Amino acid sequence: MAAKLKKGDKVIVLAGKDKGKTGEITSVNPTAGKAIVDGVNVAIRHQRQSQTAQGGRLPKALPIQLSNLAIVDANGKASRVGFRMEDGKKVRFAKTTGDVI
């Protein structure tokens with residue numbers, strides 16, 4: 001099945017502690033059904049100092065379930081993603097506005 005959410009998409013969180021926050025998808029793991037969104041689901045991780053990097057408590061974005069994410073349409077609202085054929089190509093579109101993503 002084609003991916004409804006891809007790397008680089010601007011999304012909004014629908015459920016959880018970060019509900020309402022928006023961000024850009026930095027990576028997607030389709031087998032686990034999760035994605036990492038910039039600035040969402042951030043946890044503090046302790047890192048040991050190395051020769052090249054400073055150690056300490058570093059914020060890290062953790063994966064969030066794809067079902068808790070929705071794409072942001074041109075109006076800035078959450079939208080579902082649909083597929084249609086245009087000029088012989090399968091394209092994604094926002095169901096609220098009908099615009100091609």
# chains A, B, ... in the order shown; residues from 1 in each chain; ligands from 1
>>> select_by_dssp(residues="segment 45-83 of chain A", states="strand (DSSP E)", output="JSON, numbers by chain")
{"A": [45, 46, 47, 56, 57, 58, 59, 60, 61, 64, 65, 69, 70, 71, 72, 78, 79, 81, 82, 83]}
>>> closest_atom_pairs(of="segment 7-28 of chain A", to="segment 36-44 of chain A", cutoff="6 Å", atoms="only C-alpha atoms", output="CSV")
residue,atom,partner,partner_atom,distance
A:Gly23,CA,A:Asp38,CA,5.4
A:Glu24,CA,A:Val37,CA,5.5
A:Ile25,CA,A:Val37,CA,4.4
A:Thr26,CA,A:Ile36,CA,5.7
A:Ser27,CA,A:Ile36,CA,5.4
>>> write_last_selection(atoms="N, CA and C atoms", output="compact mmCIF listing (two decimals), in the first residue's frame")
# COMPACT_ATOMS: atom_id res chain seq x y z
N GLY A 23 4.83 19.73 13.30
CA GLY A 23 6.24 19.55 12.99
C GLY A 23 6.40 18.85 11.66
N GLU A 24 7.65 18.67 11.27
CA GLU A 24 7.96 18.03 10.01
C GLU A 24 8.50 16.63 10.26
N ILE A 25 8.08 15.67 9.46
CA ILE A 25 8.54 14.29 9.61
C ILE A 25 9.98 14.21 9.15
N THR A 26 10.86 13.69 10.02
CA THR A 26 12.26 13.54 9.66
C THR A 26 12.58 12.13 9.19
N SER A 27 11.84 11.12 9.70
CA SER A 27 12.02 9.75 9.21
C SER A 27 10.77 8.94 9.50
>>> closest_residue(among="A:Met85, A:Ala61, A:Ala94, A:Val72", to="Asp9 of chain A", atoms="only C-alpha atoms")
A:Val72
>>> atom_distance(atom1="atom CA of Val13 of chain A", atom2="atom CA of Gln65 of chain A")
9.7 Å
>>> residues_around(residues="Lys34 of chain A", least_positions_apart="2", cutoff="6 Å", atoms="only C-alpha atoms", output="list in words")
Asn29, Ala32, Pro63, Ile64, Gln65 and Leu66 of chain A
>>> write_last_selection(atoms="all heavy atoms", output="short mmCIF file (atom, residue, chain, number, x, y, z; two decimals), in the first residue's frame")
data_model
loop_
_atom_site.label_atom_id
_atom_site.label_comp_id
_atom_site.auth_asym_id
_atom_site.auth_seq_id
_atom_site.Cartn_x
_atom_site.Cartn_y
_atom_site.Cartn_z
N ASN A 29 9.24 4.80 9.77
CA ASN A 29 9.49 3.36 9.84
C ASN A 29 8.16 2.65 9.54
O ASN A 29 7.36 2.45 10.44
CB ASN A 29 10.02 2.98 11.23
CG ASN A 29 10.39 1.52 11.31
OD1 ASN A 29 10.14 0.75 10.40
ND2 ASN A 29 10.99 1.14 12.42
N ALA A 32 7.14 -0.67 11.55
CA ALA A 32 6.69 -0.45 12.92
C ALA A 32 5.47 0.47 12.97
O ALA A 32 4.82 0.57 14.01
CB ALA A 32 7.81 0.14 13.76
N PRO A 63 10.04 8.11 18.37
CA PRO A 63 9.00 7.80 17.37
C PRO A 63 7.58 7.95 17.94
O PRO A 63 7.35 7.72 19.12
CB PRO A 63 9.28 6.33 17.02
CG PRO A 63 10.67 6.09 17.44
CD PRO A 63 10.94 6.99 18.60
N ILE A 64 6.66 8.33 17.07
CA ILE A 64 5.25 8.47 17.42
C ILE A 64 4.44 7.66 16.42
O ILE A 64 4.83 7.55 15.25
CB ILE A 64 4.84 9.96 17.45
CG1 ILE A 64 3.44 10.14 18.00
CG2 ILE A 64 4.97 10.61 16.10
CD1 ILE A 64 3.09 11.57 18.35
N GLN A 65 3.33 7.09 16.87
CA GLN A 65 2.50 6.24 16.03
C GLN A 65 1.91 7.04 14.86
O GLN A 65 1.47 8.17 15.03
CB GLN A 65 1.36 5.66 16.88
CG GLN A 65 0.67 4.47 16.29
CD GLN A 65 1.52 3.22 16.32
OE1 GLN A 65 2.36 3.05 17.18
NE2 GLN A 65 1.30 2.35 15.37
N LEU A 66 1.92 6.44 13.65
CA LEU A 66 1.40 7.12 12.46
C LEU A 66 -0.09 7.44 12.57
O LEU A 66 -0.57 8.42 12.02
CB LEU A 66 1.66 6.27 11.21
CG LEU A 66 3.10 6.22 10.72
CD1 LEU A 66 3.23 5.23 9.59
CD2 LEU A 66 3.58 7.58 10.29
#
>>> atom_distance(atom1="atom CA of Leu58 of chain A", atom2="atom CA of Asp18 of chain A")
18.8 Å
>>> residues_around(residues="Lys4 of chain A", least_positions_apart="2", cutoff="12 Å", atoms="only C-alpha atoms", output="tab-separated table (two decimals) with C-alpha atoms, in the first residue's frame")
chain	number	residue	atom	x	y	z
A	1	MET	CA	0.00	0.00	0.00
A	2	ALA	CA	1.18	3.50	-0.78
A	6	LYS	CA	6.20	10.59	3.98
A	7	LYS	CA	9.46	12.22	5.05
A	9	ASP	CA	5.46	16.22	5.31
A	11	VAL	CA	1.92	17.06	10.26
A	28	VAL	CA	9.38	7.04	8.82
A	30	PRO	CA	6.62	1.73	7.90
A	33	GLY	CA	4.05	2.10	11.84
A	35	ALA	CA	7.54	8.24	12.48
A	66	LEU	CA	1.40	7.12	12.46
A	67	SER	CA	-2.26	6.83	13.47
A	69	LEU	CA	-0.56	12.05	13.00
A	70	ALA	CA	-2.50	13.94	10.33
A	71	ILE	CA	-1.18	16.00	7.45
A	79	SER	CA	-6.62	16.54	6.92
A	80	ARG	CA	-6.84	12.94	5.80
A	81	VAL	CA	-4.88	11.81	2.75
A	82	GLY	CA	-6.46	10.36	-0.37
A	83	PHE	CA	-5.09	9.05	-3.66
A	90	LYS	CA	-0.94	8.39	-8.70
A	91	VAL	CA	-0.88	11.50	-6.48
A	92	ARG	CA	-1.73	12.21	-2.84
A	93	PHE	CA	-4.28	14.90	-2.03
A	94	ALA	CA	-5.72	16.49	1.10
A	95	LYS	CA	-9.35	15.44	1.54
A	101	ILE	CA	0.29	17.33	-1.69
>>> closest_residue(among="A:Gln54, A:Asn75, A:Asn68, A:Thr96", to="Leu5 of chain A", atoms="only C-alpha atoms")
A:Asn68
>>> atom_distance(atom1="atom CA of Thr31 of chain A", atom2="atom CA of Asp73 of chain A")
25.8 Å
>>> decode(residues="segment 53-66 of chain A", atoms="all heavy atoms", output="PDB file, in the first residue's frame")
ATOM      1  N   ALA A  53      32.246  14.693  20.843  1.00  0.00           N
ATOM      2  CA  ALA A  53      30.984  15.313  21.268  1.00  0.00           C
ATOM      3  C   ALA A  53      30.948  15.532  22.771  1.00  0.00           C
ATOM      4  O   ALA A  53      31.478  14.735  23.541  1.00  0.00           O
ATOM      5  CB  ALA A  53      29.819  14.432  20.848  1.00  0.00           C
ATOM      6  N   GLN A  54      30.297  16.629  23.153  1.00  0.00           N
ATOM      7  CA  GLN A  54      30.097  16.936  24.563  1.00  0.00           C
ATOM      8  C   GLN A  54      28.984  16.042  25.107  1.00  0.00           C
ATOM      9  O   GLN A  54      27.990  15.804  24.442  1.00  0.00           O
ATOM     10  CB  GLN A  54      29.713  18.414  24.707  1.00  0.00           C
ATOM     11  CG  GLN A  54      29.499  18.881  26.116  1.00  0.00           C
ATOM     12  CD  GLN A  54      30.784  18.929  26.927  1.00  0.00           C
ATOM     13  OE1 GLN A  54      31.843  19.171  26.395  1.00  0.00           O
ATOM     14  NE2 GLN A  54      30.671  18.688  28.211  1.00  0.00           N
ATOM     15  N   GLY A  55      29.150  15.566  26.320  1.00  0.00           N
ATOM     16  CA  GLY A  55      28.120  14.733  26.940  1.00  0.00           C
ATOM     17  C   GLY A  55      27.080  15.566  27.658  1.00  0.00           C
ATOM     18  O   GLY A  55      27.093  16.784  27.594  1.00  0.00           O
ATOM     19  N   GLY A  56      26.182  14.905  28.359  1.00  0.00           N
ATOM     20  CA  GLY A  56      25.175  15.613  29.139  1.00  0.00           C
ATOM     21  C   GLY A  56      23.784  15.119  28.836  1.00  0.00           C
ATOM     22  O   GLY A  56      23.587  14.041  28.279  1.00  0.00           O
ATOM     23  N   ARG A  57      22.800  15.928  29.228  1.00  0.00           N
ATOM     24  CA  ARG A  57      21.396  15.587  29.007  1.00  0.00           C
ATOM     25  C   ARG A  57      20.949  16.226  27.698  1.00  0.00           C
ATOM     26  O   ARG A  57      20.846  17.439  27.599  1.00  0.00           O
ATOM     27  CB  ARG A  57      20.561  16.107  30.166  1.00  0.00           C
ATOM     28  CG  ARG A  57      21.008  15.524  31.499  1.00  0.00           C
ATOM     29  CD  ARG A  57      20.276  16.144  32.657  1.00  0.00           C
ATOM     30  NE  ARG A  57      18.875  15.766  32.587  1.00  0.00           N
ATOM     31  CZ  ARG A  57      17.874  16.561  32.939  1.00  0.00           C
ATOM     32  NH1 ARG A  57      18.105  17.762  33.393  1.00  0.00           N
ATOM     33  NH2 ARG A  57      16.635  16.146  32.854  1.00  0.00           N
ATOM     34  N   LEU A  58      20.698  15.400  26.695  1.00  0.00           N
ATOM     35  CA  LEU A  58      20.361  15.899  25.370  1.00  0.00           C
ATOM     36  C   LEU A  58      18.915  15.558  25.015  1.00  0.00           C
ATOM     37  O   LEU A  58      18.477  14.427  25.206  1.00  0.00           O
ATOM     38  CB  LEU A  58      21.287  15.277  24.317  1.00  0.00           C
ATOM     39  CG  LEU A  58      22.781  15.485  24.538  1.00  0.00           C
ATOM     40  CD1 LEU A  58      23.584  14.734  23.495  1.00  0.00           C
ATOM     41  CD2 LEU A  58      23.112  16.953  24.475  1.00  0.00           C
ATOM     42  N   PRO A  59      18.149  16.519  24.472  1.00  0.00           N
ATOM     43  CA  PRO A  59      16.789  16.216  24.031  1.00  0.00           C
ATOM     44  C   PRO A  59      16.820  15.389  22.747  1.00  0.00           C
ATOM     45  O   PRO A  59      17.633  15.643  21.852  1.00  0.00           O
ATOM     46  CB  PRO A  59      16.170  17.591  23.776  1.00  0.00           C
ATOM     47  CG  PRO A  59      17.315  18.511  23.603  1.00  0.00           C
ATOM     48  CD  PRO A  59      18.488  17.930  24.333  1.00  0.00           C
ATOM     49  N   LYS A  60      15.940  14.385  22.669  1.00  0.00           N
ATOM     50  CA  LYS A  60      15.891  13.506  21.500  1.00  0.00           C
ATOM     51  C   LYS A  60      14.430  13.249  21.145  1.00  0.00           C
ATOM     52  O   LYS A  60      13.621  12.935  22.020  1.00  0.00           O
ATOM     53  CB  LYS A  60      16.587  12.189  21.826  1.00  0.00           C
ATOM     54  CG  LYS A  60      16.611  11.203  20.683  1.00  0.00           C
ATOM     55  CD  LYS A  60      17.275   9.908  21.093  1.00  0.00           C
ATOM     56  CE  LYS A  60      17.270   8.933  19.933  1.00  0.00           C
ATOM     57  NZ  LYS A  60      17.786   7.624  20.318  1.00  0.00           N
ATOM     58  N   ALA A  61      14.097  13.385  19.862  1.00  0.00           N
ATOM     59  CA  ALA A  61      12.733  13.114  19.396  1.00  0.00           C
ATOM     60  C   ALA A  61      12.556  11.614  19.252  1.00  0.00           C
ATOM     61  O   ALA A  61      13.324  10.950  18.557  1.00  0.00           O
ATOM     62  CB  ALA A  61      12.475  13.808  18.070  1.00  0.00           C
ATOM     63  N   LEU A  62      11.538  11.064  19.916  1.00  0.00           N
ATOM     64  CA  LEU A  62      11.258   9.634  19.868  1.00  0.00           C
ATOM     65  C   LEU A  62      10.139   9.363  18.861  1.00  0.00           C
ATOM     66  O   LEU A  62       9.365  10.256  18.530  1.00  0.00           O
ATOM     67  CB  LEU A  62      10.857   9.144  21.258  1.00  0.00           C
ATOM     68  CG  LEU A  62      11.923   9.295  22.337  1.00  0.00           C
ATOM     69  CD1 LEU A  62      11.385   8.846  23.684  1.00  0.00           C
ATOM     70  CD2 LEU A  62      13.173   8.520  21.988  1.00  0.00           C
ATOM     71  N   PRO A  63      10.035   8.114  18.370  1.00  0.00           N
ATOM     72  CA  PRO A  63       8.996   7.800  17.374  1.00  0.00           C
ATOM     73  C   PRO A  63       7.584   7.947  17.941  1.00  0.00           C
ATOM     74  O   PRO A  63       7.350   7.718  19.125  1.00  0.00           O
ATOM     75  CB  PRO A  63       9.277   6.335  17.022  1.00  0.00           C
ATOM     76  CG  PRO A  63      10.673   6.086  17.439  1.00  0.00           C
ATOM     77  CD  PRO A  63      10.937   6.987  18.595  1.00  0.00           C
ATOM     78  N   ILE A  64       6.664   8.334  17.066  1.00  0.00           N
ATOM     79  CA  ILE A  64       5.249   8.472  17.421  1.00  0.00           C
ATOM     80  C   ILE A  64       4.435   7.664  16.416  1.00  0.00           C
ATOM     81  O   ILE A  64       4.826   7.551  15.247  1.00  0.00           O
ATOM     82  CB  ILE A  64       4.839   9.963  17.449  1.00  0.00           C
ATOM     83  CG1 ILE A  64       3.440  10.143  18.002  1.00  0.00           C
ATOM     84  CG2 ILE A  64       4.967  10.605  16.101  1.00  0.00           C
ATOM     85  CD1 ILE A  64       3.091  11.567  18.346  1.00  0.00           C
ATOM     86  N   GLN A  65       3.335   7.092  16.872  1.00  0.00           N
ATOM     87  CA  GLN A  65       2.498   6.237  16.031  1.00  0.00           C
ATOM     88  C   GLN A  65       1.910   7.036  14.862  1.00  0.00           C
ATOM     89  O   GLN A  65       1.470   8.172  15.027  1.00  0.00           O
ATOM     90  CB  GLN A  65       1.358   5.663  16.880  1.00  0.00           C
ATOM     91  CG  GLN A  65       0.673   4.470  16.288  1.00  0.00           C
ATOM     92  CD  GLN A  65       1.518   3.216  16.321  1.00  0.00           C
ATOM     93  OE1 GLN A  65       2.360   3.054  17.182  1.00  0.00           O
ATOM     94  NE2 GLN A  65       1.302   2.347  15.368  1.00  0.00           N
ATOM     95  N   LEU A  66       1.917   6.439  13.651  1.00  0.00           N
ATOM     96  CA  LEU A  66       1.400   7.123  12.464  1.00  0.00           C
ATOM     97  C   LEU A  66      -0.093   7.436  12.573  1.00  0.00           C
ATOM     98  O   LEU A  66      -0.567   8.424  12.022  1.00  0.00           O
ATOM     99  CB  LEU A  66       1.656   6.273  11.214  1.00  0.00           C
ATOM    100  CG  LEU A  66       3.096   6.219  10.725  1.00  0.00           C
ATOM    101  CD1 LEU A  66       3.234   5.228   9.590  1.00  0.00           C
ATOM    102  CD2 LEU A  66       3.581   7.585  10.291  1.00  0.00           C
TER     103      LEU A  66
END
